[in-house]
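Chemist: Dropping in structure03.cif, which is mmCIF, C-alpha atoms:
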```
data_protein
loop_
_atom_site.group_PDB
_atom_site.id
_atom_site.type_symbol
_atom_site.label_atom_id
_atom_site.label_comp_id
_atom_site.auth_asym_id
_atom_site.auth_seq_id
_atom_site.Cartn_x
_atom_site.Cartn_y
_atom_site.Cartn_z
ATOM 1 C CA VAL A 1 11.616 -12.074 -8.498
ATOM 2 C CA PRO A 2 8.245 -12.430 -6.689
ATOM 3 C CA ALA A 3 9.733 -11.011 -3.474
ATOM 4 C CA VAL A 4 11.200 -8.011 -5.329
ATOM 5 C CA PHE A 5 7.863 -7.474 -7.089
ATOM 6 C CA VAL A 6 5.951 -7.444 -3.789
ATOM 7 C CA VAL A 7 8.399 -4.970 -2.240
ATOM 8 C CA LEU A 8 8.250 -2.628 -5.245
ATOM 9 C CA TRP A 9 4.475 -2.907 -5.653
ATOM 10 C CA SER A 10 3.810 -2.223 -1.991
ATOM 11 C CA THR A 11 5.731 1.066 -2.148
ATOM 12 C CA GLY A 12 2.857 2.632 -4.115
ATOM 13 C CA PHE A 13 0.913 3.682 -1.040
ATOM 14 C CA LEU A 14 4.076 4.772 0.787
ATOM 15 C CA GLY A 15 5.064 6.844 -2.223
ATOM 16 C CA ALA A 16 1.659 8.512 -2.242
ATOM 17 C CA ARG A 17 1.893 9.374 1.431
ATOM 18 C CA LEU A 18 5.423 10.777 1.121
ATOM 19 C CA GLY A 19 5.150 12.471 -2.270
ATOM 20 C CA LEU A 20 1.689 14.010 -2.443
ATOM 21 C CA PRO A 21 2.393 16.839 0.020
ATOM 22 C CA HIS A 22 5.061 18.063 -2.405
ATOM 23 C CA ALA A 23 3.431 17.643 -5.831
ATOM 24 C CA GLY A 24 0.065 17.119 -7.440
ATOM 25 C CA PRO A 25 -0.892 13.458 -7.830
ATOM 26 C CA LEU A 26 -0.628 13.411 -11.626
ATOM 27 C CA THR A 27 2.617 15.384 -11.634
ATOM 28 C CA PHE A 28 4.086 13.012 -9.066
ATOM 29 C CA LEU A 29 3.022 9.966 -11.086
ATOM 30 C CA ALA A 30 4.356 11.389 -14.346
ATOM 31 C CA LEU A 31 7.772 11.762 -12.686
ATOM 32 C CA ARG A 32 7.565 8.318 -11.118
ATOM 33 C CA PHE A 33 6.568 6.620 -14.367
ATOM 34 C CA GLY A 34 9.227 8.473 -16.343
ATOM 35 C CA LEU A 35 11.933 7.441 -13.888
ATOM 36 C CA ALA A 36 10.718 3.832 -13.875
ATOM 37 C CA ALA A 37 10.676 3.711 -17.691
ATOM 38 C CA ALA A 38 14.200 5.129 -17.908
ATOM 39 C CA LEU A 39 15.625 2.720 -15.314
ATOM 40 C CA LEU A 40 13.932 -0.285 -16.903
ATOM 41 C CA ALA A 41 15.157 0.773 -20.349
ATOM 42 C CA LEU A 42 18.717 0.701 -19.005
ATOM 43 C CA VAL A 43 18.121 -2.752 -17.501
ATOM 44 C CA ALA A 44 16.596 -3.982 -20.761
ATOM 45 C CA LEU A 45 19.543 -2.703 -22.795
ATOM 46 C CA ALA A 46 22.105 -4.073 -20.343
ATOM 47 C CA THR A 47 20.499 -7.529 -20.373
ATOM 48 C CA ARG A 48 19.767 -7.449 -24.124
ATOM 49 C CA ALA A 49 16.100 -8.107 -23.547
ATOM 50 C CA PRO A 50 13.960 -8.625 -26.660
ATOM 51 C CA TRP A 51 11.909 -5.631 -27.716
ATOM 52 C CA PRO A 52 8.456 -6.044 -29.285
ATOM 53 C CA HIS A 53 8.669 -6.167 -33.084
ATOM 54 C CA ARG A 54 5.082 -5.534 -34.136
ATOM 55 C CA PRO A 55 3.236 -2.239 -33.594
ATOM 56 C CA ALA A 56 0.219 -4.220 -32.370
ATOM 57 C CA GLU A 57 2.303 -5.653 -29.531
ATOM 58 C CA MET A 58 3.446 -2.172 -28.523
ATOM 59 C CA GLY A 59 -0.170 -0.997 -28.624
ATOM 60 C CA HIS A 60 -1.384 -3.843 -26.421
ATOM 61 C CA TYR A 61 1.385 -3.228 -23.889
ATOM 62 C CA ALA A 62 0.617 0.493 -23.867
ATOM 63 C CA VAL A 63 -3.110 -0.076 -23.263
ATOM 64 C CA ALA A 64 -2.357 -2.489 -20.427
ATOM 65 C CA GLY A 65 0.089 0.033 -18.962
ATOM 66 C CA LEU A 66 -2.444 2.858 -19.137
ATOM 67 C CA LEU A 67 -4.962 0.731 -17.239
ATOM 68 C CA VAL A 68 -2.688 -1.043 -14.739
ATOM 69 C CA HIS A 69 -0.448 1.926 -13.975
ATOM 70 C CA GLY A 70 -2.172 5.085 -15.180
ATOM 71 C CA VAL A 71 -5.776 4.479 -14.155
ATOM 72 C CA TYR A 72 -4.947 2.353 -11.116
ATOM 73 C CA LEU A 73 -2.275 4.529 -9.502
ATOM 74 C CA GLY A 74 -3.868 7.692 -10.872
ATOM 75 C CA GLY A 75 -7.130 6.823 -9.118
ATOM 76 C CA VAL A 76 -5.367 5.870 -5.889
ATOM 77 C CA TYR A 77 -3.216 9.001 -5.790
ATOM 78 C CA VAL A 78 -6.049 11.352 -6.745
ATOM 79 C CA GLY A 79 -8.259 9.705 -4.117
ATOM 80 C CA ILE A 80 -5.619 10.137 -1.421
ATOM 81 C CA SER A 81 -4.992 13.740 -2.482
ATOM 82 C CA LEU A 82 -8.729 14.390 -2.014
ATOM 83 C CA GLY A 83 -8.628 13.103 1.542
ATOM 84 C CA VAL A 84 -9.196 9.356 1.313
ATOM 85 C CA GLU A 85 -7.053 7.567 3.869
ATOM 86 C CA ALA A 86 -4.350 5.381 2.354
ATOM 87 C CA GLY A 87 -5.711 2.373 4.266
ATOM 88 C CA VAL A 88 -9.218 2.892 2.878
ATOM 89 C CA SER A 89 -7.821 3.267 -0.633
ATOM 90 C CA ALA A 90 -5.852 0.048 -0.189
ATOM 91 C CA LEU A 91 -8.991 -1.689 1.039
ATOM 92 C CA VAL A 92 -10.955 -0.655 -2.051
ATOM 93 C CA VAL A 93 -8.333 -1.704 -4.587
ATOM 94 C CA GLY A 94 -7.662 -4.834 -2.526
ATOM 95 C CA LEU A 95 -10.871 -6.210 -4.034
ATOM 96 C CA GLN A 96 -9.068 -6.530 -7.367
ATOM 97 C CA PRO A 97 -8.310 -10.270 -7.149
ATOM 98 C CA LEU A 98 -11.958 -11.081 -6.418
ATOM 99 C CA LEU A 99 -13.286 -8.777 -9.121
ATOM 100 C CA THR A 100 -10.752 -10.133 -11.613
ATOM 101 C CA ALA A 101 -11.727 -13.719 -10.789
ATOM 102 C CA ALA A 102 -15.395 -12.897 -11.243
ATOM 103 C CA LEU A 103 -14.923 -11.102 -14.567
ATOM 104 C CA ALA A 104 -12.482 -13.721 -15.848
ATOM 105 C CA GLY A 105 -15.358 -16.174 -15.832
ATOM 106 C CA VAL A 106 -17.470 -13.918 -17.999
ATOM 107 C CA LEU A 107 -14.788 -12.442 -20.271
ATOM 108 C CA LEU A 108 -12.198 -15.209 -20.531
ATOM 109 C CA GLY A 109 -14.393 -18.266 -20.083
ATOM 110 C CA GLU A 110 -12.729 -19.328 -16.845
ATOM 111 C CA ARG A 111 -14.775 -21.110 -14.207
ATOM 112 C CA VAL A 112 -15.820 -19.044 -11.190
ATOM 113 C CA THR A 113 -16.972 -21.015 -8.167
ATOM 114 C CA PRO A 114 -19.893 -20.054 -5.924
ATOM 115 C CA ARG A 115 -17.343 -19.536 -3.160
ATOM 116 C CA GLN A 116 -15.555 -16.907 -5.285
ATOM 117 C CA TRP A 117 -18.848 -15.120 -5.982
ATOM 118 C CA ALA A 118 -19.659 -15.182 -2.265
ATOM 119 C CA GLY A 119 -16.207 -13.781 -1.480
ATOM 120 C CA LEU A 120 -16.692 -10.972 -3.989
ATOM 121 C CA GLY A 121 -20.095 -10.155 -2.511
ATOM 122 C CA LEU A 122 -18.774 -10.073 1.053
ATOM 123 C CA GLY A 123 -15.789 -7.988 -0.015
ATOM 124 C CA LEU A 124 -18.002 -5.448 -1.777
ATOM 125 C CA LEU A 125 -20.301 -5.286 1.235
ATOM 126 C CA GLY A 126 -17.361 -4.699 3.571
ATOM 127 C CA VAL A 127 -15.943 -1.935 1.396
ATOM 128 C CA ALA A 128 -19.381 -0.314 1.100
ATOM 129 C CA LEU A 129 -19.714 -0.281 4.899
ATOM 130 C CA VAL A 130 -16.256 1.257 5.356
ATOM 131 C CA LEU A 131 -16.788 3.850 2.633
ATOM 132 C CA ALA A 132 -20.235 4.815 3.921
ATOM 133 C CA ARG A 133 -18.676 5.642 7.277
ATOM 134 C CA LYS A 134 -15.458 7.257 6.025
ATOM 135 C CA LEU A 135 -16.649 9.134 2.955
ATOM 136 C CA GLY A 136 -19.795 10.840 4.127
ATOM 137 C CA HIS A 137 -18.297 14.214 5.019
ATOM 138 C CA GLY A 138 -18.322 16.175 1.792
ATOM 139 C CA PRO A 139 -18.053 16.218 -2.011
ATOM 140 C CA GLY A 140 -14.261 15.867 -1.910
ATOM 141 C CA ASP A 141 -14.614 12.636 0.026
ATOM 142 C CA ALA A 142 -17.162 11.330 -2.469
ATOM 143 C CA LEU A 143 -14.927 12.226 -5.422
ATOM 144 C CA GLY A 144 -11.973 10.601 -3.690
ATOM 145 C CA GLY A 145 -14.011 7.444 -3.193
ATOM 146 C CA LEU A 146 -15.018 7.435 -6.855
ATOM 147 C CA ALA A 147 -11.364 7.837 -7.840
ATOM 148 C CA CYS A 148 -10.481 4.760 -5.756
ATOM 149 C CA VAL A 149 -13.294 2.764 -7.359
ATOM 150 C CA ALA A 150 -12.019 3.869 -10.790
ATOM 151 C CA ALA A 151 -8.582 2.615 -9.725
ATOM 152 C CA LEU A 152 -10.097 -0.755 -8.825
ATOM 153 C CA PHE A 153 -11.750 -1.108 -12.217
ATOM 154 C CA GLY A 154 -8.641 0.163 -14.000
ATOM 155 C CA ILE A 155 -6.332 -2.460 -12.545
ATOM 156 C CA THR A 156 -8.972 -5.176 -13.020
ATOM 157 C CA ALA A 157 -9.487 -4.283 -16.673
ATOM 158 C CA GLY A 158 -5.732 -3.962 -17.181
ATOM 159 C CA THR A 159 -5.074 -7.372 -15.634
ATOM 160 C CA LEU A 160 -7.636 -9.045 -17.877
ATOM 161 C CA TYR A 161 -6.378 -7.163 -20.939
ATOM 162 C CA GLN A 162 -2.802 -8.123 -20.163
ATOM 163 C CA LYS A 163 -3.774 -11.760 -19.771
ATOM 164 C CA ARG A 164 -5.513 -11.799 -23.139
ATOM 165 C CA HIS A 165 -3.147 -9.632 -25.196
ATOM 166 C CA GLY A 166 0.207 -9.593 -23.410
ATOM 167 C CA ALA A 167 0.797 -13.013 -21.922
ATOM 168 C CA GLY A 168 4.138 -13.397 -23.723
ATOM 169 C CA MET A 169 5.453 -9.935 -22.814
ATOM 170 C CA ASP A 170 9.055 -9.654 -21.683
ATOM 171 C CA LEU A 171 8.827 -7.971 -18.283
ATOM 172 C CA ARG A 172 11.785 -5.675 -18.920
ATOM 173 C CA THR A 173 10.945 -4.210 -22.315
ATOM 174 C CA GLY A 174 7.179 -4.546 -21.958
ATOM 175 C CA SER A 175 7.306 -2.625 -18.698
ATOM 176 C CA VAL A 176 9.260 0.152 -20.411
ATOM 177 C CA VAL A 177 6.412 0.527 -22.894
ATOM 178 C CA GLN A 178 3.800 0.365 -20.141
ATOM 179 C CA PHE A 179 5.457 2.955 -17.904
ATOM 180 C CA ALA A 180 6.205 5.242 -20.841
ATOM 181 C CA ALA A 181 2.548 5.173 -21.943
ATOM 182 C CA ALA A 182 1.309 5.808 -18.402
ATOM 183 C CA GLY A 183 3.908 8.568 -17.959
ATOM 184 C CA LEU A 184 2.865 10.380 -21.125
ATOM 185 C CA ALA A 185 -0.815 10.174 -20.192
ATOM 186 C CA THR A 186 -0.330 11.435 -16.637
ATOM 187 C CA ALA A 187 2.041 14.182 -17.806
ATOM 188 C CA LEU A 188 -0.571 15.433 -20.274
ATOM 189 C CA LEU A 189 -3.297 15.356 -17.609
ATOM 190 C CA ALA A 190 -0.985 17.090 -15.132
ATOM 191 C CA LEU A 191 -0.381 19.904 -17.623
ATOM 192 C CA LEU A 192 -4.135 20.248 -18.154
ATOM 193 C CA PHE A 193 -5.362 20.016 -14.559
ATOM 194 C CA GLU A 194 -2.435 20.791 -12.253
ATOM 195 C CA ASP A 195 0.179 23.518 -11.979
ATOM 196 C CA ALA A 196 2.915 20.861 -12.428
ATOM 197 C CA ARG A 197 4.975 22.348 -9.590
ATOM 198 C CA VAL A 198 7.143 20.128 -7.398
ATOM 199 C CA THR A 199 8.619 21.084 -4.032
ATOM 200 C CA TRP A 200 11.985 19.307 -4.143
#
```
Would it be possible to restate this file's structure as structure tokens?
Modeler:
Amino acid sequence: VPAVFVVLWSTGFLGARLGLPHAGPLTFLALRFGLAAALLALVALATRAPWPHRPAEMGHYAVAGLLVHGVYLGGVYVGISLGVEAGVSALVVGLQPLLTAALAGVLLGERVTPRQWAGLGLGLLGVALVLARKLGHGPGDALGGLACVAALFGITAGTLYQKRHGAGMDLRTGSVVQFAAAGLATALLALLFEDARVTW
């Protein structure tokens, strides 16, 4: 399972590179999330996975999905569509483990070592140096950089939220809820801000 997860997760940047020339970022994500939700629903039904029983559970899974999938991938894809290189975007959101570790100490009462704080500081400094050099050419670059930073905070907040409110989530049915919530949100935003056209 971990190997499959890494392969699937790492396709996010490849998908952005291949798909964004043919659709707006939010339109592309709405289609991607909808397809993922449908496929996972079939897997969940075929394996008789347990569905959440309480509305509060569904709500928690949806919030985590909006943050981890909607805000994270939305920020990455919007940033890339505005001209941020995929490698730079990956570098920014690659700070997520350090930022999560730092905030887990404050929000979840977990111990954060001085070495972790130092790592976070060095990581932030490195990203600032890269962004200062790469994103100084115009307002689109600056907005793209901000979108990538929003993606970083989205996945960090979603990870912490998931840990606190969704630790017992079944990956099959919980992911259906998460992708469906992210798909609905990105579809609505695509209708508001994009022409929702796709070049098949």
Chemist: Please compute the CA of Leu95 in chain A-CA of Gln116 in chain A distance, one decimal, in Å.
Modeler: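 Those two atoms sit 11.7 Å apart.
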Chemist: (-0.7, 6.1, -18.5) in this file's frame - what residues fall within 7 Å of it? Use all atoms listed in the file and give the answer as a list in words.
Modeler: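 Within 7 Å of (-0.7, 6.1, -18.5), the protein and nucleic acid residues are Gly65, Leu66, Leu67, His69, Gly70, Val71, Phe179, Ala181, Ala182, Gly183, Leu184, Ala185 and Thr186 of chain A.
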Chemist: Can you give me, as JSON, numbers by chain, the residues this file yields under the PyMOL selection byres ((chain A and resi 48-53) around 9)?
Modeler: {"A": [43, 44, 45, 46, 47, 54, 55, 56, 57, 58, 169, 170, 171, 172, 173, 174]}
Chemist: If I take CA of Leu14 in chain A and CA of Ala86 in chain A, how far is one from the other in Å, to one decimal?
Modeler: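 Separating CA of Leu14 in chain A from CA of Ala86 in chain A is a distance of 8.6 Å.
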Chemist: Given only C-alpha atoms as the basis, pick out the residue of A:Phe33, A:Cys148, A:Arg197, A:Ala190 nearest to Gly83 in chain A.
Modeler: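 The answer is A:Cys148, which sits nearest to Gly83 in chain A.
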Chemist: May I have the residues within 8 Å of Gly74 in chain A as a PDB file with C-alpha atoms, in the coordinates of the input, using only C-alpha atoms and disregarding those fewer than 6 positions away in the same chain?
Modeler:
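After the write, around03.pdb holds the following:
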```pdb
ATOM      1  CA  PRO A  25      -0.892  13.458  -7.830  1.00  0.00           C
ATOM      2  CA  LEU A  26      -0.628  13.411 -11.626  1.00  0.00           C
ATOM      3  CA  LEU A  29       3.022   9.966 -11.086  1.00  0.00           C
ATOM      4  CA  ALA A 151      -8.582   2.615  -9.725  1.00  0.00           C
ATOM      5  CA  THR A 186      -0.330  11.435 -16.637  1.00  0.00           C
TER       6      THR A 186
END
```
Chemist: With distances taken over only C-alpha atoms, which of A:Leu143, A:Gly121, A:Thr159, A:Leu31 is nearest to Leu107 in chain A?
Modeler: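 When distances to Leu107 in chain A are compared using only C-alpha atoms, the smallest one comes from A:Thr159.
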Chemist: Which residue, A:Thr113, A:Leu146, A:Thr199, A:Ile155, has the smallest gap to Leu18 in chain A when you use only C-alpha atoms?
Modeler: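 When distances to Leu18 in chain A are compared using only C-alpha atoms, the smallest one comes from A:Thr199.
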Chemist: Can you list, as a list in words, every protein, DNA or RNA residue that comes within 10 Å of Leu82 in chain A when you count all atoms listed in the file, leaving out same-chain residues fewer than 3 positions away?
Modeler: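 Skipping anything fewer than 3 positions along the chain leaves Pro25, Val76, Tyr77, Val78, Gly79, Glu85, Pro139, Gly140, Asp141, Ala142, Leu143, Gly144, Gly145 and Ala147 of chain A.
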Chemist: How many Å separate CA of Val176 in chain A from CA of Ala37 in chain A?
Modeler: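 Separation of CA of Val176 in chain A and CA of Ala37 in chain A: 4.7 Å.
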Chemist: Can you pull out the residues contacting Val88 in chain A? Cut-off 9 Å, using all atoms listed in the file, and skip same-chain residues under 3 positions away; I want them as a short mmCIF file (atom, residue, chain, number, x, y, z; two decimals) with C-alpha atoms, in the coordinates of the input.
Modeler:
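The resulting file, part14.cif, is shown below:
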```
data_model
loop_
_atom_site.label_atom_id
_atom_site.label_comp_id
_atom_site.auth_asym_id
_atom_site.auth_seq_id
_atom_site.Cartn_x
_atom_site.Cartn_y
_atom_site.Cartn_z
CA VAL A 84 -9.20 9.36 1.31
CA GLU A 85 -7.05 7.57 3.87
CA LEU A 91 -8.99 -1.69 1.04
CA VAL A 92 -10.96 -0.66 -2.05
CA VAL A 93 -8.33 -1.70 -4.59
CA VAL A 127 -15.94 -1.94 1.40
CA VAL A 130 -16.26 1.26 5.36
CA LEU A 131 -16.79 3.85 2.63
CA LYS A 134 -15.46 7.26 6.02
CA GLY A 145 -14.01 7.44 -3.19
CA CYS A 148 -10.48 4.76 -5.76
#
```
Chemist: Which residues match the PyMOL selection byres ((chain A and resi 96-106) around 12) in the file above, as a PyMOL selection string?
Modeler: chain A and resi 68+72+89-95+107-124+148-164
Chemist: Nearest residue to Gly12 in chain A out of A:Ala30, A:Leu73, A:Val63, A:Leu39, using only C-alpha atoms?
Modeler: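 Smallest separation from Gly12 in chain A among the options: A:Leu73.
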Chemist: For His60 in chain A, which of A:Gly166, A:Thr11, A:Ala180, A:Phe193 is the closest residue, counting only C-alpha atoms?
Modeler: A:Gly166
Chemist: Complete range 41-52 of chain A at the level of all heavy atoms, written as a CSV table (one decimal), in the frame of the given file.
Modeler:
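Output contents, as saved in part33.csv:
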```csv
chain,number,residue,atom,x,y,z
A,41,ALA,N,14.5,0.8,-19.0
A,41,ALA,CA,15.2,0.8,-20.3
A,41,ALA,C,16.6,0.5,-20.2
A,41,ALA,O,17.2,-0.3,-21.1
A,41,ALA,CB,14.9,2.1,-21.0
A,42,LEU,N,17.3,1.0,-19.2
A,42,LEU,CA,18.7,0.7,-19.0
A,42,LEU,C,18.9,-0.8,-18.7
A,42,LEU,O,19.8,-1.4,-19.2
A,42,LEU,CB,19.3,1.6,-17.9
A,42,LEU,CG,19.4,3.1,-18.2
A,42,LEU,CD1,19.9,3.8,-16.9
A,42,LEU,CD2,20.4,3.3,-19.3
A,43,VAL,N,18.0,-1.3,-17.8
A,43,VAL,CA,18.1,-2.8,-17.5
A,43,VAL,C,17.9,-3.6,-18.7
A,43,VAL,O,18.6,-4.6,-19.0
A,43,VAL,CB,17.1,-3.1,-16.4
A,43,VAL,CG1,17.0,-4.6,-16.2
A,43,VAL,CG2,17.5,-2.4,-15.1
A,44,ALA,N,16.9,-3.2,-19.5
A,44,ALA,CA,16.6,-4.0,-20.8
A,44,ALA,C,17.8,-4.0,-21.7
A,44,ALA,O,18.1,-5.0,-22.3
A,44,ALA,CB,15.3,-3.4,-21.4
A,45,LEU,N,18.4,-2.8,-21.9
A,45,LEU,CA,19.5,-2.7,-22.8
A,45,LEU,C,20.7,-3.5,-22.2
A,45,LEU,O,21.4,-4.2,-23.0
A,45,LEU,CB,19.9,-1.2,-23.0
A,45,LEU,CG,18.9,-0.4,-23.8
A,45,LEU,CD1,19.3,1.1,-23.7
A,45,LEU,CD2,18.8,-0.9,-25.2
A,46,ALA,N,21.0,-3.4,-20.9
A,46,ALA,CA,22.1,-4.1,-20.3
A,46,ALA,C,22.0,-5.6,-20.4
A,46,ALA,O,23.0,-6.3,-20.6
A,46,ALA,CB,22.3,-3.6,-18.9
A,47,THR,N,20.7,-6.1,-20.3
A,47,THR,CA,20.5,-7.5,-20.4
A,47,THR,C,20.1,-8.0,-21.8
A,47,THR,O,19.8,-9.2,-21.9
A,47,THR,CB,19.4,-7.9,-19.4
A,47,THR,OG1,18.2,-7.2,-19.7
A,47,THR,CG2,19.8,-7.6,-17.9
A,48,ARG,N,20.1,-7.1,-22.7
A,48,ARG,CA,19.8,-7.4,-24.1
A,48,ARG,C,18.4,-8.1,-24.2
A,48,ARG,O,18.2,-9.1,-24.9
A,48,ARG,CB,20.8,-8.3,-24.7
A,48,ARG,CG,22.2,-7.6,-24.8
A,48,ARG,CD,23.2,-8.4,-25.5
A,48,ARG,NE,24.5,-7.7,-25.5
A,48,ARG,CZ,25.6,-8.1,-26.2
A,48,ARG,NH1,25.5,-9.2,-26.9
A,48,ARG,NH2,26.7,-7.4,-26.1
A,49,ALA,N,17.5,-7.6,-23.5
A,49,ALA,CA,16.1,-8.1,-23.5
A,49,ALA,C,15.5,-7.9,-24.9
A,49,ALA,O,15.7,-6.9,-25.6
A,49,ALA,CB,15.3,-7.4,-22.5
A,50,PRO,N,14.6,-8.8,-25.4
A,50,PRO,CA,14.0,-8.6,-26.7
A,50,PRO,C,12.9,-7.6,-26.6
A,50,PRO,O,12.1,-7.5,-25.7
A,50,PRO,CB,13.3,-10.0,-26.9
A,50,PRO,CG,13.1,-10.6,-25.6
A,50,PRO,CD,14.2,-10.0,-24.7
A,51,TRP,N,12.9,-6.7,-27.6
A,51,TRP,CA,11.9,-5.6,-27.7
A,51,TRP,C,10.8,-6.1,-28.6
A,51,TRP,O,11.0,-6.9,-29.5
A,51,TRP,CB,12.5,-4.4,-28.3
A,51,TRP,CG,13.5,-3.7,-27.3
A,51,TRP,CD1,14.8,-4.0,-27.2
A,51,TRP,CD2,13.2,-2.7,-26.4
A,51,TRP,NE1,15.4,-3.2,-26.2
A,51,TRP,CE2,14.4,-2.4,-25.7
A,51,TRP,CE3,12.0,-2.0,-26.0
A,51,TRP,CZ2,14.4,-1.5,-24.6
A,51,TRP,CZ3,12.1,-1.1,-25.0
A,51,TRP,CH2,13.3,-0.8,-24.3
A,52,PRO,N,9.6,-5.6,-28.4
A,52,PRO,CA,8.5,-6.0,-29.3
A,52,PRO,C,8.7,-5.6,-30.7
A,52,PRO,O,9.2,-4.5,-30.9
A,52,PRO,CB,7.2,-5.4,-28.7
A,52,PRO,CG,7.7,-4.4,-27.7
A,52,PRO,CD,9.1,-4.7,-27.3
```
